[in-house]
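Colleague: So that we are looking at the same thing, I have put the structure below in structure tokens.
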Amino acid sequence: MTVEDMFADVAVRHKIFTYQIPDNLKQEIQKGSGVIVPVRDRKEMGYVIELKEETAKQNLKSVIEVLYPSPLITAHLFKLGLWMADYYVASASEAFDAIVPLFTREKRYLRPVNFPPPPLAQKQRLLYKHLLTRLYGINKEEIPSASALRTLKQKNIIETSPKPDFQPIPSLTAGRQVLKDAHQPLTNKVFLVTASQDKRMEVYIQAMKKVLTLKMGCIFLVPRIVLIPSVLGRLKGEFTDNIAVLHSELPRQKREEEWLKLEMGLCEIAIGTRSCVFAPFKNLGLIIIDEEQSPDYKDKQKPRYSARDVAIMRAKEQKCYCLLGSDTPSIESYYNAETGKYKLIKVEEKRTYPKVSAIDMKKEKDYLLSEKLKNKIKTSLEKREKILLLLNRKGFSAISCRNCGYTPVCPRCDTILRYHKVVSSKQYGVSSEDHQLSTINHLMCHLCGYNEPVKTRCKNCNSTGIFYPRPGTQKLEAKLKILFPKTSIIRMDLDTIKTERIKDKKFKGENIGIVLGTQIIRREQQLEDVKLMSIISPDIGLSIPDFRSSETTFSLIMSFINRINPEGEVVIQTYNPDNYMIQALIHTSFETFYQQEKQRRKELNYPPFSHLTRILVEGNKVDTTLGKVEQELNEKNINYLGPVSCPMQKKKGKLRYHFLIKSEKIDPSLLKQIADTIKSVTIDIDPVELM
């Protein structure tokens, strides 16, 4: 072994292996490079996480090739990836897989090498012309004719390369300016912008213009793909075509082209959904996260990162600005602004909201539609006004009292207790001391496991008016057709979207009188012509066994209130009109809701007053795994709740249990030890839902 020897630690799948670097790759390989390495009897793709001149390991295999002309992961994104792996209890390769586009890991490229070419047959000429019009060559998957390819190769007119051709065609880069270092470095600052959508866009555009004058890049994140067209249209009016779009539904070739435009400095603005936070800017000046409270920013696959939190960490690493925007911010973000961690920007604006009122359903005979609402619907139909009915049936059973509106909650967790008919002690984690409860109907908390028998009388008023409300969109549609047989009614929920593919133009149709559905309706961008909206049962959202249920329901309903005609009316049907969330909606006041919700969470030590970690166990037989997790948590002196069955008790035939950990500060090393010891568990840091 000589001093010239070089070695690389490479992250491959869930492990790190050391390889020798051959002489022909020493100048090319760097930290963050994607490489092909031998693993047993196969070749695998991995990421270089460390270069070194010495190692105690013997008989090492060599790196086979480097995949890309420059490191797949820039220095800043490299550090961000290591932070993600540590914080979200994932492997380095899982974190880097989230950062690096799939096409850079898999493809082999064709490129022209003989110009001008000799006379060619038609198919050969078309293939060659196609190569000349691409920035980086063409992938083998895109070849129009296999025989034309063979001929061009035999004539040495094209060649195969493991890397994209990084020599852009001059005509495509004319007038462009590659991003340069800014004249003045930016200091990391996080701002929370609370305003209407239009006012937020004004703030965003002003900030983007300032950053672009410094020749720095901007990332603009939205939570859902359906929001991109409207935002893109607004930005193109200000910044012409200096924009690349990144999201999962783009055709693979288009996504590749957009990413490469950013990597090569041909665009200074990237707009997209969650993964766009990793846009390959070397000189980044601004990250915008619109609707920052949205749970869609949380990835459900490893490394289960939150794009909002990753954006804040990337802004800190690259010393750039970060703007979080929302009309109804998350409790955590607003608390951070209140305590000075973020700077709060409240845009002064005159806003007109529709009139919001609540109907106490305890006084109504019909639990679906109150008499007041029926009359209002009839009046609106006579005026030929569009009506929107929101019934977000995506909830679980709870019980309520028809007389006083009381709904049982857990004394330990303050979450709605869920109704179960028959359970077994093993299935739901009931202790042997409480086994007598396992053979009767009971109510259960899915956070801590507390349970109590169902009583025939209300605990609050001793009434016998206990009932199990389970309204759904299909049942509501059938009822509306009976009440208003001559009215055009359209239902929008997961079933109709899948089967009928309702289009925006159908939603806007003048002949539509009533639109009813779940939160899927929020995909529609145009609701200004809605004059009457009713929230049929917000109690469904409040009954979900999750400490964020009030926040999620408030944010959802406010998003609709903000988008319908301000001269219209919103009617909320509820069995709990005095609930603080309902009252905040009536007054269209986020501040009122925030203060009440903050106090509740403080008393129960929920975020933002603690960090939450969820350990999920799934399987056909989980008793052994649950015991191992409990043993690990006890040995490490970690306080926890559970184990208890998840609200969604079975998924794809597998039983599901979880443990919850509340802590002042997360210690990823302890959780990593548990994940390494018990491979089958899922560890979710800062979960946004507990289903």
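In the structure tokens, the first chain shown is A, the next is B, and so on; residue numbers restart at 1 for each chain, and ligands run from 1 in the order shown.
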If you count only C-alpha atoms, which residues fall within 10 Å of Phe278 (chain A), apart from same-chain ones fewer than 5 positions away, as number ranges by chain?
Modeller: A: 73, 77, 80-81, 98-101, 219, 246, 270, 307, 310-311, 314
Colleague: Quick one: write out the picked residues with N, CA, C and O atoms as a PDB file, in the first residue's frame?
Modeller:
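Full text of again_35.pdb as output:
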ATOM      1  N   ILE A  73     -24.374  15.399  -5.463  1.00  0.00           N
ATOM      2  CA  ILE A  73     -24.827  16.166  -4.311  1.00  0.00           C
ATOM      3  C   ILE A  73     -23.822  17.273  -4.037  1.00  0.00           C
ATOM      4  O   ILE A  73     -22.647  17.011  -3.775  1.00  0.00           O
ATOM      5  N   LEU A  77     -25.946  20.501  -0.057  1.00  0.00           N
ATOM      6  CA  LEU A  77     -26.940  19.427   0.006  1.00  0.00           C
ATOM      7  C   LEU A  77     -26.364  18.173   0.663  1.00  0.00           C
ATOM      8  O   LEU A  77     -27.089  17.386   1.262  1.00  0.00           O
ATOM      9  N   LEU A  80     -26.805  18.745   4.247  1.00  0.00           N
ATOM     10  CA  LEU A  80     -28.236  18.639   4.537  1.00  0.00           C
ATOM     11  C   LEU A  80     -28.671  17.181   4.571  1.00  0.00           C
ATOM     12  O   LEU A  80     -29.457  16.770   5.425  1.00  0.00           O
ATOM     13  N   GLY A  81     -28.159  16.374   3.641  1.00  0.00           N
ATOM     14  CA  GLY A  81     -28.499  14.957   3.601  1.00  0.00           C
ATOM     15  C   GLY A  81     -28.045  14.220   4.851  1.00  0.00           C
ATOM     16  O   GLY A  81     -28.771  13.377   5.386  1.00  0.00           O
ATOM     17  N   ALA A  98     -33.531  10.702  -1.538  1.00  0.00           N
ATOM     18  CA  ALA A  98     -34.579  11.720  -1.553  1.00  0.00           C
ATOM     19  C   ALA A  98     -34.098  12.990  -2.240  1.00  0.00           C
ATOM     20  O   ALA A  98     -34.878  13.713  -2.862  1.00  0.00           O
ATOM     21  N   ILE A  99     -32.802  13.264  -2.160  1.00  0.00           N
ATOM     22  CA  ILE A  99     -32.231  14.495  -2.718  1.00  0.00           C
ATOM     23  C   ILE A  99     -31.932  14.364  -4.206  1.00  0.00           C
ATOM     24  O   ILE A  99     -32.183  15.280  -4.990  1.00  0.00           O
ATOM     25  N   VAL A 100     -31.433  13.211  -4.609  1.00  0.00           N
ATOM     26  CA  VAL A 100     -30.919  13.031  -5.967  1.00  0.00           C
ATOM     27  C   VAL A 100     -32.012  12.510  -6.898  1.00  0.00           C
ATOM     28  O   VAL A 100     -32.697  11.547  -6.573  1.00  0.00           O
ATOM     29  N   PRO A 101     -32.210  13.139  -8.065  1.00  0.00           N
ATOM     30  CA  PRO A 101     -33.212  12.645  -9.028  1.00  0.00           C
ATOM     31  C   PRO A 101     -32.897  11.232  -9.487  1.00  0.00           C
ATOM     32  O   PRO A 101     -31.734  10.852  -9.633  1.00  0.00           O
ATOM     33  N   ILE A 219     -36.323  29.137  -4.594  1.00  0.00           N
ATOM     34  CA  ILE A 219     -37.163  27.929  -4.578  1.00  0.00           C
ATOM     35  C   ILE A 219     -38.537  28.322  -4.051  1.00  0.00           C
ATOM     36  O   ILE A 219     -38.640  28.972  -3.010  1.00  0.00           O
ATOM     37  N   LEU A 246     -40.684  21.425 -10.985  1.00  0.00           N
ATOM     38  CA  LEU A 246     -40.321  20.078 -10.544  1.00  0.00           C
ATOM     39  C   LEU A 246     -41.452  19.471  -9.718  1.00  0.00           C
ATOM     40  O   LEU A 246     -41.817  20.023  -8.678  1.00  0.00           O
ATOM     41  N   ALA A 270     -37.079  27.882  -9.164  1.00  0.00           N
ATOM     42  CA  ALA A 270     -37.639  26.526  -9.199  1.00  0.00           C
ATOM     43  C   ALA A 270     -38.944  26.532  -8.424  1.00  0.00           C
ATOM     44  O   ALA A 270     -38.989  26.986  -7.277  1.00  0.00           O
ATOM     45  N   ALA A 307     -40.715  18.805   4.328  1.00  0.00           N
ATOM     46  CA  ALA A 307     -40.082  19.744   3.398  1.00  0.00           C
ATOM     47  C   ALA A 307     -39.969  21.135   4.016  1.00  0.00           C
ATOM     48  O   ALA A 307     -39.016  21.873   3.738  1.00  0.00           O
ATOM     49  N   VAL A 310     -36.985  20.887   6.439  1.00  0.00           N
ATOM     50  CA  VAL A 310     -35.763  20.735   5.649  1.00  0.00           C
ATOM     51  C   VAL A 310     -35.408  22.054   4.966  1.00  0.00           C
ATOM     52  O   VAL A 310     -34.233  22.432   4.878  1.00  0.00           O
ATOM     53  N   ALA A 311     -36.423  22.779   4.489  1.00  0.00           N
ATOM     54  CA  ALA A 311     -36.179  24.074   3.859  1.00  0.00           C
ATOM     55  C   ALA A 311     -35.538  25.042   4.838  1.00  0.00           C
ATOM     56  O   ALA A 311     -34.612  25.793   4.488  1.00  0.00           O
ATOM     57  N   ARG A 314     -31.978  23.988   5.219  1.00  0.00           N
ATOM     58  CA  ARG A 314     -31.181  24.333   4.030  1.00  0.00           C
ATOM     59  C   ARG A 314     -30.898  25.838   3.999  1.00  0.00           C
ATOM     60  O   ARG A 314     -29.792  26.257   3.642  1.00  0.00           O
TER      61      ARG A 314
END
Colleague: Contacts between region 606-614 of chain A and region 295-413 of chain A, please, where a residue of region 295-413 of chain A counts if it comes within 10 Å (with only C-alpha atoms); show its shortest atom pair and distance in Å to one decimal, rows by chain and ascending number, as a tab-separated table.
Modeller:
residue	atom	partner	partner_atom	distance
A:Ser330	CA	A:Pro608	CA	9.8
A:Ile331	CA	A:Pro608	CA	7.1
A:Glu332	CA	A:Pro608	CA	5.0
A:Ser333	CA	A:Pro608	CA	8.5
A:Tyr334	CA	A:Pro608	CA	9.5
A:Tyr335	CA	A:Pro608	CA	7.1
A:Asn336	CA	A:Pro608	CA	8.3
A:Cys413	CA	A:Tyr606	CA	9.4
Colleague: Output N, CA, C and O atoms for every residue in the selection just made, as an mmCIF file, in the first residue's frame.
Modeller:
data_model
loop_
_atom_site.group_PDB
_atom_site.id
_atom_site.type_symbol
_atom_site.label_atom_id
_atom_site.label_comp_id
_atom_site.auth_asym_id
_atom_site.auth_seq_id
_atom_site.Cartn_x
_atom_site.Cartn_y
_atom_site.Cartn_z
ATOM 1 N N SER A 330 -49.417 26.949 10.989
ATOM 2 C CA SER A 330 -49.387 25.861 11.960
ATOM 3 C C SER A 330 -49.146 26.455 13.348
ATOM 4 O O SER A 330 -48.540 27.522 13.491
ATOM 5 N N ILE A 331 -49.619 25.761 14.351
ATOM 6 C CA ILE A 331 -49.443 26.233 15.726
ATOM 7 C C ILE A 331 -47.952 26.354 16.048
ATOM 8 O O ILE A 331 -47.522 27.319 16.692
ATOM 9 N N GLU A 332 -47.157 25.393 15.576
ATOM 10 C CA GLU A 332 -45.722 25.428 15.850
ATOM 11 C C GLU A 332 -45.063 26.659 15.231
ATOM 12 O O GLU A 332 -44.257 27.340 15.885
ATOM 13 N N SER A 333 -45.383 26.966 13.981
ATOM 14 C CA SER A 333 -44.744 28.105 13.315
ATOM 15 C C SER A 333 -45.171 29.427 13.940
ATOM 16 O O SER A 333 -44.347 30.330 14.140
ATOM 17 N N TYR A 334 -46.456 29.542 14.263
ATOM 18 C CA TYR A 334 -46.922 30.795 14.856
ATOM 19 C C TYR A 334 -46.325 30.985 16.244
ATOM 20 O O TYR A 334 -45.993 32.107 16.646
ATOM 21 N N TYR A 335 -46.149 29.905 16.962
ATOM 22 C CA TYR A 335 -45.505 29.980 18.278
ATOM 23 C C TYR A 335 -44.045 30.415 18.128
ATOM 24 O O TYR A 335 -43.549 31.226 18.914
ATOM 25 N N ASN A 336 -43.361 29.876 17.120
ATOM 26 C CA ASN A 336 -41.970 30.282 16.877
ATOM 27 C C ASN A 336 -41.878 31.764 16.530
ATOM 28 O O ASN A 336 -40.910 32.443 16.898
ATOM 29 N N CYS A 413 -55.329 12.429 27.526
ATOM 30 C CA CYS A 413 -54.819 13.022 26.286
ATOM 31 C C CYS A 413 -55.721 14.102 25.697
ATOM 32 O O CYS A 413 -55.323 14.790 24.760
#
Colleague: Within 10 Å of region 480-484 of chain A, counting only C-alpha atoms, which residues qualify if same-chain residues fewer than 4 places away don't, as a short mmCIF file (atom, residue, chain, number, x, y, z; two decimals) with N, CA, C and O atoms, in the first residue's frame?
Modeller:
data_model
loop_
_atom_site.label_atom_id
_atom_site.label_comp_id
_atom_site.auth_asym_id
_atom_site.auth_seq_id
_atom_site.Cartn_x
_atom_site.Cartn_y
_atom_site.Cartn_z
N LEU A 369 -79.45 17.49 7.62
CA LEU A 369 -79.77 18.84 7.16
C LEU A 369 -80.78 19.48 8.10
O LEU A 369 -81.89 18.96 8.28
N LYS A 374 -82.06 23.83 5.04
CA LYS A 374 -82.94 23.47 3.92
C LYS A 374 -83.59 24.70 3.32
O LYS A 374 -83.67 24.86 2.09
N ILE A 377 -81.00 26.73 1.37
CA ILE A 377 -80.71 26.09 0.08
C ILE A 377 -81.82 26.38 -0.92
O ILE A 377 -81.57 26.73 -2.08
N LYS A 378 -83.05 26.26 -0.46
CA LYS A 378 -84.19 26.53 -1.34
C LYS A 378 -84.17 27.96 -1.86
O LYS A 378 -84.37 28.21 -3.06
N LEU A 381 -81.34 28.42 -4.44
CA LEU A 381 -81.68 27.79 -5.72
C LEU A 381 -82.65 28.65 -6.51
O LEU A 381 -82.56 28.73 -7.75
N GLN A 474 -72.39 10.16 0.21
CA GLN A 474 -73.34 9.42 -0.62
C GLN A 474 -74.76 9.49 -0.03
O GLN A 474 -75.74 9.68 -0.75
N LYS A 475 -74.84 9.37 1.30
CA LYS A 475 -76.14 9.46 1.96
C LYS A 475 -76.71 10.87 1.82
O LYS A 475 -77.92 11.05 1.59
N LEU A 476 -75.84 11.87 1.92
CA LEU A 476 -76.28 13.25 1.78
C LEU A 476 -76.78 13.51 0.36
O LEU A 476 -77.80 14.19 0.15
N SER A 488 -79.66 20.26 -10.29
CA SER A 488 -78.43 19.58 -10.72
C SER A 488 -77.48 19.48 -9.53
O SER A 488 -77.10 20.49 -8.95
N ILE A 489 -77.11 18.26 -9.17
CA ILE A 489 -76.26 18.01 -8.00
C ILE A 489 -75.01 17.25 -8.45
O ILE A 489 -75.10 16.28 -9.20
N GLY A 513 -76.41 23.34 -9.47
CA GLY A 513 -77.00 24.07 -8.36
C GLY A 513 -76.30 23.78 -7.05
O GLY A 513 -75.98 24.68 -6.29
N ILE A 514 -76.03 22.48 -6.79
CA ILE A 514 -75.42 22.09 -5.52
C ILE A 514 -74.18 21.23 -5.80
O ILE A 514 -74.23 20.28 -6.56
N LEU A 516 -71.50 19.01 -3.61
CA LEU A 516 -71.22 18.49 -2.27
C LEU A 516 -70.03 17.55 -2.36
O LEU A 516 -69.77 16.94 -3.40
#
Colleague: Rank A:Ala148, A:Ala244, A:Ala195, A:Ile64 by their smallest atom-to-atom distance to Pro22 (chain A), using only C-alpha atoms, and report the top residue only.
Modeller: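 Under the stated criterion, the closest residue is A:Ile64.
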Colleague: Which residues are close to Leu221 (chain A), i.e. within 7 Å by only C-alpha atoms, leaving aside same-chain residues fewer than 3 positions away? Reply as an MDAnalysis selection string.
Modeller: chainID A and resid 271:274 276 288:290
Colleague: Residues at most 8 Å from Cys448 (chain A), counting only C-alpha atoms, excluding those fewer than 5 positions away in the same chain, as a PyMOL selection string?
Modeller: chain A and resi 412-413+641-644
Colleague: Could you build a table of the residues in region 313-413 of chain A lying no more than 7 Å from region 525-534 of chain A, giving for each the nearest pair of atoms and their separation in Å rounded to one decimal place, using only C-alpha atoms, ordered by chain and ascending residue number, as a Markdown table?
Modeller:
| residue | atom | partner | partner_atom | distance |
| --- | --- | --- | --- | --- |
| A:Glu385 | CA | A:Lys531 | CA | 6.1 |
| A:Lys386 | CA | A:Val530 | CA | 5.0 |
| A:Ile387 | CA | A:Leu532 | CA | 4.9 |
| A:Leu388 | CA | A:Met533 | CA | 4.6 |
| A:Leu389 | CA | A:Ser534 | CA | 4.9 |
| A:Leu390 | CA | A:Ser534 | CA | 6.2 |
Colleague: One number please: CA of Leu102 (chain A) to CA of His76 (chain A), in Å, one decimal.
Modeller: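 Atom-to-atom, CA of Leu102 (chain A) and CA of His76 (chain A) are spaced 19.5 Å apart.
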Colleague: For CA of Thr473 (chain A) and CA of Thr487 (chain A), quote the distance in Å rounded to one decimal.
Modeller: 16.7 Å
Colleague: Write out as a PyMOL selection string all residues of region 116-358 of chain A that backbone DSSP assigns to strand (DSSP E).
Modeller: chain A and resi 138-139+158-161+189-194+217-221+243-246+269-272+284-290+321-326+343-346+355-358
Colleague: Report, in Å to a single decimal, how far apart CA of Ala95 (chain A) and CA of Gln673 (chain A) are.
Modeller: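 It comes out at 17.7 Å.
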Colleague: Just the residues within 6 Å of region 575-581 of chain A, please, counting only C-alpha atoms, with nothing from its chain fewer than 6 positions along; format it as number ranges by chain.
Modeller: A: 360-362, 405, 593
Colleague: Selection from above, C-alpha atoms, as an mmCIF file, in the first residue's frame, can you write it?
Modeller:
data_model
loop_
_atom_site.group_PDB
_atom_site.id
_atom_site.type_symbol
_atom_site.label_atom_id
_atom_site.label_comp_id
_atom_site.auth_asym_id
_atom_site.auth_seq_id
_atom_site.Cartn_x
_atom_site.Cartn_y
_atom_site.Cartn_z
ATOM 1 C CA ASP A 360 -77.075 23.808 17.000
ATOM 2 C CA MET A 361 -77.974 20.346 15.697
ATOM 3 C CA LYS A 362 -79.074 19.181 19.149
ATOM 4 C CA GLY A 405 -73.733 17.706 22.584
ATOM 5 C CA PHE A 593 -58.252 29.897 17.759
#
Colleague: Where in region 560-629 of chain A does DSSP assign helix (DSSP H, G or I), given as number ranges by chain?
Modeller: A: 560-561, 580-586, 590-604, 623-629
Colleague: Just the selected residues (C-alpha atoms), exported as a compact mmCIF listing (two decimals), in the first residue's frame, please.
Modeller:
# COMPACT_ATOMS: atom_id res chain seq x y z
CA PHE A 560 -62.97 27.42 2.00
CA ILE A 561 -64.29 30.50 3.80
CA TYR A 580 -63.59 27.21 20.77
CA MET A 581 -62.76 26.12 17.22
CA ILE A 582 -66.35 26.70 16.06
CA GLN A 583 -66.43 30.09 17.77
CA ALA A 584 -63.14 31.08 16.10
CA LEU A 585 -64.65 30.16 12.73
CA ILE A 586 -67.75 32.24 13.42
CA PHE A 590 -57.09 32.70 13.60
CA GLU A 591 -55.69 34.57 16.61
CA THR A 592 -58.68 33.52 18.76
CA PHE A 593 -58.25 29.90 17.76
CA TYR A 594 -54.47 30.00 18.25
CA GLN A 595 -54.61 31.30 21.82
CA GLN A 596 -57.10 28.60 22.88
CA GLU A 597 -55.28 25.80 21.08
CA LYS A 598 -51.90 26.91 22.42
CA GLN A 599 -53.16 26.82 26.00
CA ARG A 600 -54.62 23.33 25.52
CA ARG A 601 -51.36 22.00 24.11
CA LYS A 602 -49.33 23.61 26.86
CA GLU A 603 -51.41 21.90 29.54
CA LEU A 604 -50.98 18.52 27.84
CA ASP A 623 -46.51 -9.32 20.38
CA THR A 624 -42.80 -10.14 20.26
CA THR A 625 -41.86 -6.90 18.50
CA LEU A 626 -43.94 -4.82 20.93
CA GLY A 627 -42.12 -6.46 23.82
CA LYS A 628 -38.72 -5.72 22.29
CA VAL A 629 -39.60 -2.06 21.72
Colleague: Find the residue from A:Ser326, A:Gln301, A:Ser537, A:Thr407 that sits nearest to Asn562 (chain A); use only C-alpha atoms when measuring.
Modeller: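 Selected residue with least distance to Asn562 (chain A): A:Ser326.
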Colleague: Show which residues sit within 9 Å of region 676-687 of chain A, as a VMD selection string. Count only C-alpha atoms, and ignore same-chain residues fewer than 2 positions away.
Modeller: chain A and resid 87 to 90 298 300 302 to 306 607 611 to 619 625 628 to 629 632 666 671 to 674 689 to 690
